[in-house]
Each structure stands twice: as structure tokens, then as C-alpha cells.
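Notes follow the structure.
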Amino acid sequence: DWHASHYIKCEMDKIFGYDRFVNEIIWNYTTGGASRAHLARKHDVILWYSKTPDYRFYPDEIREQRTEKSLARAQNPKGARIAVDNVTKLPTDVWCIEALNPMAVERLGYPTQKPEALLERIIQASSVVNDVVADFFMGSGTTQAVAQKLGRRWIACDINLGAIQTTLKRL
């Protein structure tokens, strides 16, 4: 979150190397309230590093819908740079995915639980069917549940026995 992402990036640069940083992804959400004391803090940062320069990335798996404005512009022959039937575009580094609300069916009581839609996007962008997805802080098991739904194999661990039991029930 906003308290620590910059510190973590510095540490990750030390661990993996500055040149192994691939992207900063902003996960933007509107769930929750606003503040009169400061701007509402409605995003988290996801840091993407790769051990090697030949990492996997499948942007076509996470294409985004084009805006109505860009689709209307495509109708105009003088302003068209895209085909009329090209209704999706390659992703940007800002992902608007709602955070889990307190009443969400998938909510399991973990305060830092991420929505399945976020993990689905990450897994689809970086792996194919039968790849192995690893999560070393599994918490409520969202990564494993999504990986399994998408046909990926997975490895998971957590120091908290409650997290392991919650994940087993979920799967």
C-alpha cells in the first residue's frame, strides 16, 4: 500500500537487480469511503520483477475494452486508426478492479484478501495452462483457487496454520 510500496521497490531492486524490474501495476479500486483530511487512498501497487530477461507475458489474454469515444472515432474514416470491429486494446499499467466489499461471497475474513478478478488477470497475463503458480503467503487461498480454475498447477505455503486450513476448505 501507500505506506510501503516505495520501500519494497528499493529492497526488490537490491534482491533481484534494478534491471530485473519489468512494471509497476496500479490496482485501482473505489470500494470504501473518502477522507476530508487527504485524497482517498484507492490503489495498491503491484511490482513485477523477472528473474530472467525472457519472462512470459501474454497481453492478449487480458485485453481491455475500448472506450465508447474510441469506438465512435473508429466509425469516422478520417479519424480512424483502428478497425470498427477492434473493440479491445492491449492493457495499460492501471487496472480498475473493485476490491472485495464486506458482503462479497468470496470474502473469507482476511483483511488483506484480494479479489479473484485481480489474481485471474495476473495469472492469465503471466502463465498458460499447466504452468505452475507459486504463492508463499497464501492467506485465504485466492491465488490457488484462481490458478486451479484456470488450469494451472500451484504451490502454496503459509506460516499460519489457519491460512492452510482455510485454503484447504476453499479448494
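Residue numbering restarts at 1 in every chain; chains get A, B, ... in the order shown in the C-alpha cells, and ligands count up from 1 in that same order.
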
Residues of segment 28-47 of chain A that have any atom at most 8 Å from an atom of segment 82-98 of chain A: could you tabulate them with the shortest-distance atom pair and the distance in Å to one decimal, using only C-alpha atoms, ordered by chain and increasing number, as a Markdown table?
| residue | atom | partner | partner_atom | distance |
| --- | --- | --- | --- | --- |
| A:Asn28 | CA | A:Cys96 | CA | 4.7 |
| A:Tyr29 | CA | A:Glu98 | CA | 4.8 |
| A:Thr30 | CA | A:Glu98 | CA | 6.4 |
| A:Thr31 | CA | A:Glu98 | CA | 6.4 |

Writer output for current selection, N, CA, C and O atoms, as an mmCIF file, in the first residue's frame:
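Dumped everything to result23.cif:
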data_model
loop_
_atom_site.group_PDB
_atom_site.id
_atom_site.type_symbol
_atom_site.label_atom_id
_atom_site.label_comp_id
_atom_site.auth_asym_id
_atom_site.auth_seq_id
_atom_site.Cartn_x
_atom_site.Cartn_y
_atom_site.Cartn_z
ATOM 1 N N ASN A 28 -6.330 -0.087 -9.038
ATOM 2 C CA ASN A 28 -7.214 0.993 -8.618
ATOM 3 C C ASN A 28 -8.589 0.427 -8.282
ATOM 4 O O ASN A 28 -9.107 -0.425 -9.004
ATOM 5 N N TYR A 29 -9.154 0.897 -7.193
ATOM 6 C CA TYR A 29 -10.486 0.451 -6.774
ATOM 7 C C TYR A 29 -11.214 1.625 -6.123
ATOM 8 O O TYR A 29 -10.592 2.593 -5.681
ATOM 9 N N THR A 30 -12.528 1.542 -6.058
ATOM 10 C CA THR A 30 -13.304 2.638 -5.476
ATOM 11 C C THR A 30 -14.050 2.223 -4.226
ATOM 12 O O THR A 30 -14.755 3.027 -3.641
ATOM 13 N N THR A 31 -13.889 0.996 -3.814
ATOM 14 C CA THR A 31 -14.588 0.498 -2.636
ATOM 15 C C THR A 31 -14.163 1.274 -1.392
ATOM 16 O O THR A 31 -13.003 1.631 -1.245
#

Ser126 of chain A environment, 9 Å, only C-alpha atoms, sequence neighbours closer than 6 positions dropped, as a PyMOL selection string:
chain A and resi 55-59

Quick one: everything within 12 Å of Glu116 of chain A, counting only C-alpha atoms, minus sequence neighbours fewer than 5 positions away in the same chain. Send it as a PyMOL selection string.
chain A and resi 97-100+104-108+121-124+140-150

Write out as a ChimeraX atom specification all residues of chain A that backbone DSSP assigns to strand (DSSP E or B).
/A:21-28,43-49,64-65,88-89,94-96,132-135,153-156

What would the file look like if the residues just selected were written as a tab-separated table (two decimals), in the first residue's frame with N, CA and C atoms?
chain	number	residue	atom	x	y	z
A	21	PHE	N	13.46	-5.26	-12.94
A	21	PHE	CA	12.15	-4.64	-12.76
A	21	PHE	C	11.48	-4.53	-14.13
A	22	VAL	N	10.23	-5.02	-14.23
A	22	VAL	CA	9.52	-5.01	-15.50
A	22	VAL	C	8.43	-3.94	-15.52
A	23	ASN	N	7.59	-3.92	-14.50
A	23	ASN	CA	6.47	-2.98	-14.47
A	23	ASN	C	6.01	-2.71	-13.05
A	24	GLU	N	5.44	-1.53	-12.89
A	24	GLU	CA	4.66	-1.21	-11.70
A	24	GLU	C	3.22	-1.19	-12.18
A	25	ILE	N	2.39	-1.99	-11.54
A	25	ILE	CA	0.97	-2.05	-11.89
A	25	ILE	C	0.20	-1.38	-10.77
A	26	ILE	N	-0.67	-0.47	-11.14
A	26	ILE	CA	-1.52	0.21	-10.16
A	26	ILE	C	-2.87	-0.50	-10.16
A	27	TRP	N	-3.22	-1.09	-9.02
A	27	TRP	CA	-4.54	-1.70	-8.87
A	27	TRP	C	-5.42	-0.63	-8.24
A	28	ASN	N	-6.33	-0.09	-9.04
A	28	ASN	CA	-7.21	0.99	-8.62
A	28	ASN	C	-8.59	0.43	-8.28
A	43	HIS	N	-5.72	2.82	-4.21
A	43	HIS	CA	-4.93	1.96	-5.09
A	43	HIS	C	-3.86	1.23	-4.29
A	44	ASP	N	-3.45	0.12	-4.83
A	44	ASP	CA	-2.31	-0.62	-4.33
A	44	ASP	C	-1.32	-0.74	-5.48
A	45	VAL	N	-0.08	-0.99	-5.16
A	45	VAL	CA	0.97	-1.14	-6.16
A	45	VAL	C	1.39	-2.60	-6.23
A	46	ILE	N	1.47	-3.11	-7.44
A	46	ILE	CA	1.98	-4.46	-7.68
A	46	ILE	C	3.28	-4.30	-8.44
A	47	LEU	N	4.35	-4.83	-7.89
A	47	LEU	CA	5.67	-4.73	-8.52
A	47	LEU	C	5.97	-6.03	-9.26
A	48	TRP	N	6.32	-5.91	-10.51
A	48	TRP	CA	6.58	-7.06	-11.37
A	48	TRP	C	8.07	-7.11	-11.68
A	49	TYR	N	8.71	-8.16	-11.20
A	49	TYR	CA	10.12	-8.42	-11.46
A	49	TYR	C	10.23	-9.74	-12.20
A	64	GLU	N	-8.27	-5.16	-22.81
A	64	GLU	CA	-9.27	-4.29	-22.16
A	64	GLU	C	-10.26	-3.77	-23.19
A	65	GLN	N	-11.46	-3.48	-22.75
A	65	GLN	CA	-12.48	-2.90	-23.63
A	65	GLN	C	-12.07	-1.48	-24.02
A	88	THR	N	-11.31	-4.20	-28.44
A	88	THR	CA	-10.43	-4.33	-27.27
A	88	THR	C	-9.06	-3.75	-27.60
A	89	LYS	N	-8.30	-3.48	-26.55
A	89	LYS	CA	-6.95	-2.93	-26.71
A	89	LYS	C	-6.01	-3.63	-25.74
A	94	VAL	N	-2.57	0.46	-15.32
A	94	VAL	CA	-3.56	0.80	-14.30
A	94	VAL	C	-4.75	-0.14	-14.50
A	95	TRP	N	-5.02	-0.94	-13.48
A	95	TRP	CA	-6.10	-1.92	-13.55
A	95	TRP	C	-7.20	-1.50	-12.59
A	96	CYS	N	-8.39	-1.27	-13.11
A	96	CYS	CA	-9.54	-0.88	-12.29
A	96	CYS	C	-10.36	-2.14	-11.99
A	132	VAL	N	3.05	-23.69	-13.46
A	132	VAL	CA	2.99	-23.72	-12.01
A	132	VAL	C	2.96	-22.28	-11.48
A	133	VAL	N	2.01	-22.01	-10.61
A	133	VAL	CA	1.87	-20.71	-9.96
A	133	VAL	C	2.23	-20.91	-8.49
A	134	ALA	N	3.09	-20.07	-7.95
A	134	ALA	CA	3.51	-20.20	-6.55
A	134	ALA	C	3.06	-19.00	-5.73
A	135	ASP	N	2.63	-19.27	-4.50
A	135	ASP	CA	2.22	-18.22	-3.57
A	135	ASP	C	2.77	-18.61	-2.20
A	153	ARG	N	-1.22	-25.49	-12.36
A	153	ARG	CA	-0.82	-26.20	-11.15
A	153	ARG	C	-0.32	-25.14	-10.18
A	154	TRP	N	-0.23	-25.48	-8.90
A	154	TRP	CA	0.17	-24.45	-7.95
A	154	TRP	C	0.95	-25.03	-6.77
A	155	ILE	N	1.74	-24.16	-6.17
A	155	ILE	CA	2.49	-24.45	-4.94
A	155	ILE	C	2.12	-23.33	-3.98
A	156	ALA	N	1.84	-23.69	-2.74
A	156	ALA	CA	1.46	-22.67	-1.76
A	156	ALA	C	1.98	-23.03	-0.38

Which one is closest to Ala117 of chain A: A:Arg152, A:Met12, A:Ile62, A:His6? Count only C-alpha atoms.
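So, comparing all the options, the nearest one is A:Ile62.
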
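Atom CA of Gly32 of chain A is found 20.3 Å from atom CA of Leu119 of chain A.
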
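Taking atom CA of Ser50 of chain A and atom CA of Gln113 of chain A as the two end points, the separation is 24.1 Å.
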
DSSP says helix (DSSP H, G or I) for which residues of segment 8-169 of chain A? Put them as a PyMOL selection string?
chain A and resi 8-16+18-20+59-62+68-75+116-126+142-149+161-169

Could those residues be written to a file, using C-alpha atoms, as a JSON list (two decimals), in the first residue's frame?
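As a result, part-v5.json now contains:
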[["chain", "number", "residue", "atom", "x", "y", "z"],
["A", 8, "ILE", "CA", 9.67, -2.51, -1.03],
["A", 9, "LYS", "CA", 10.69, -1.48, -4.55],
["A", 10, "CYS", "CA", 14.11, -0.43, -3.25],
["A", 11, "GLU", "CA", 14.53, -3.77, -1.46],
["A", 12, "MET", "CA", 13.35, -5.72, -4.52],
["A", 13, "ASP", "CA", 15.88, -3.83, -6.66],
["A", 14, "LYS", "CA", 18.61, -4.93, -4.23],
["A", 15, "ILE", "CA", 17.42, -8.55, -4.22],
["A", 16, "PHE", "CA", 16.58, -9.08, -7.90],
["A", 18, "TYR", "CA", 17.38, -2.87, -10.81],
["A", 19, "ASP", "CA", 17.43, -4.23, -14.37],
["A", 20, "ARG", "CA", 15.00, -7.06, -13.47],
["A", 59, "PRO", "CA", -1.13, -9.32, -23.08],
["A", 60, "ASP", "CA", -3.77, -10.70, -25.45],
["A", 61, "GLU", "CA", -5.15, -12.77, -22.56],
["A", 62, "ILE", "CA", -6.01, -9.62, -20.60],
["A", 68, "GLU", "CA", -17.14, 4.39, -26.35],
["A", 69, "LYS", "CA", -15.27, 7.50, -27.51],
["A", 70, "SER", "CA", -12.54, 5.50, -29.27],
["A", 71, "LEU", "CA", -15.10, 3.17, -30.84],
["A", 72, "ALA", "CA", -17.05, 6.18, -32.13],
["A", 73, "ARG", "CA", -13.83, 7.65, -33.56],
["A", 74, "ALA", "CA", -13.25, 4.37, -35.41],
["A", 75, "GLN", "CA", -16.55, 4.97, -37.24],
["A", 116, "GLU", "CA", -10.30, -13.29, -7.60],
["A", 117, "ALA", "CA", -10.60, -10.94, -10.61],
["A", 118, "LEU", "CA", -7.21, -9.38, -9.74],
["A", 119, "LEU", "CA", -5.44, -12.73, -9.40],
["A", 120, "GLU", "CA", -7.12, -14.01, -12.56],
["A", 121, "ARG", "CA", -5.66, -11.10, -14.52],
["A", 122, "ILE", "CA", -2.16, -11.61, -13.09],
["A", 123, "ILE", "CA", -2.19, -15.37, -13.72],
["A", 124, "GLN", "CA", -3.58, -15.06, -17.25],
["A", 125, "ALA", "CA", -1.00, -12.39, -18.14],
["A", 126, "SER", "CA", 1.95, -14.46, -16.96],
["A", 142, "THR", "CA", -7.26, -16.83, -3.58],
["A", 143, "THR", "CA", -4.23, -17.47, -5.79],
["A", 144, "GLN", "CA", -4.61, -21.22, -5.54],
["A", 145, "ALA", "CA", -8.36, -21.15, -6.19],
["A", 146, "VAL", "CA", -7.94, -18.99, -9.29],
["A", 147, "ALA", "CA", -4.93, -20.95, -10.56],
["A", 148, "GLN", "CA", -6.90, -24.18, -10.26],
["A", 149, "LYS", "CA", -9.92, -22.68, -12.10],
["A", 161, "LEU", "CA", -1.98, -22.99, 10.14],
["A", 162, "GLY", "CA", -5.34, -21.18, 9.93],
["A", 163, "ALA", "CA", -4.47, -19.98, 6.43],
["A", 164, "ILE", "CA", -3.64, -23.53, 5.35],
["A", 165, "GLN", "CA", -6.94, -24.83, 6.77],
["A", 166, "THR", "CA", -8.95, -22.00, 5.14],
["A", 167, "THR", "CA", -7.32, -22.69, 1.78],
["A", 168, "LEU", "CA", -7.95, -26.42, 2.03],
["A", 169, "LYS", "CA", -11.65, -25.79, 2.71]]
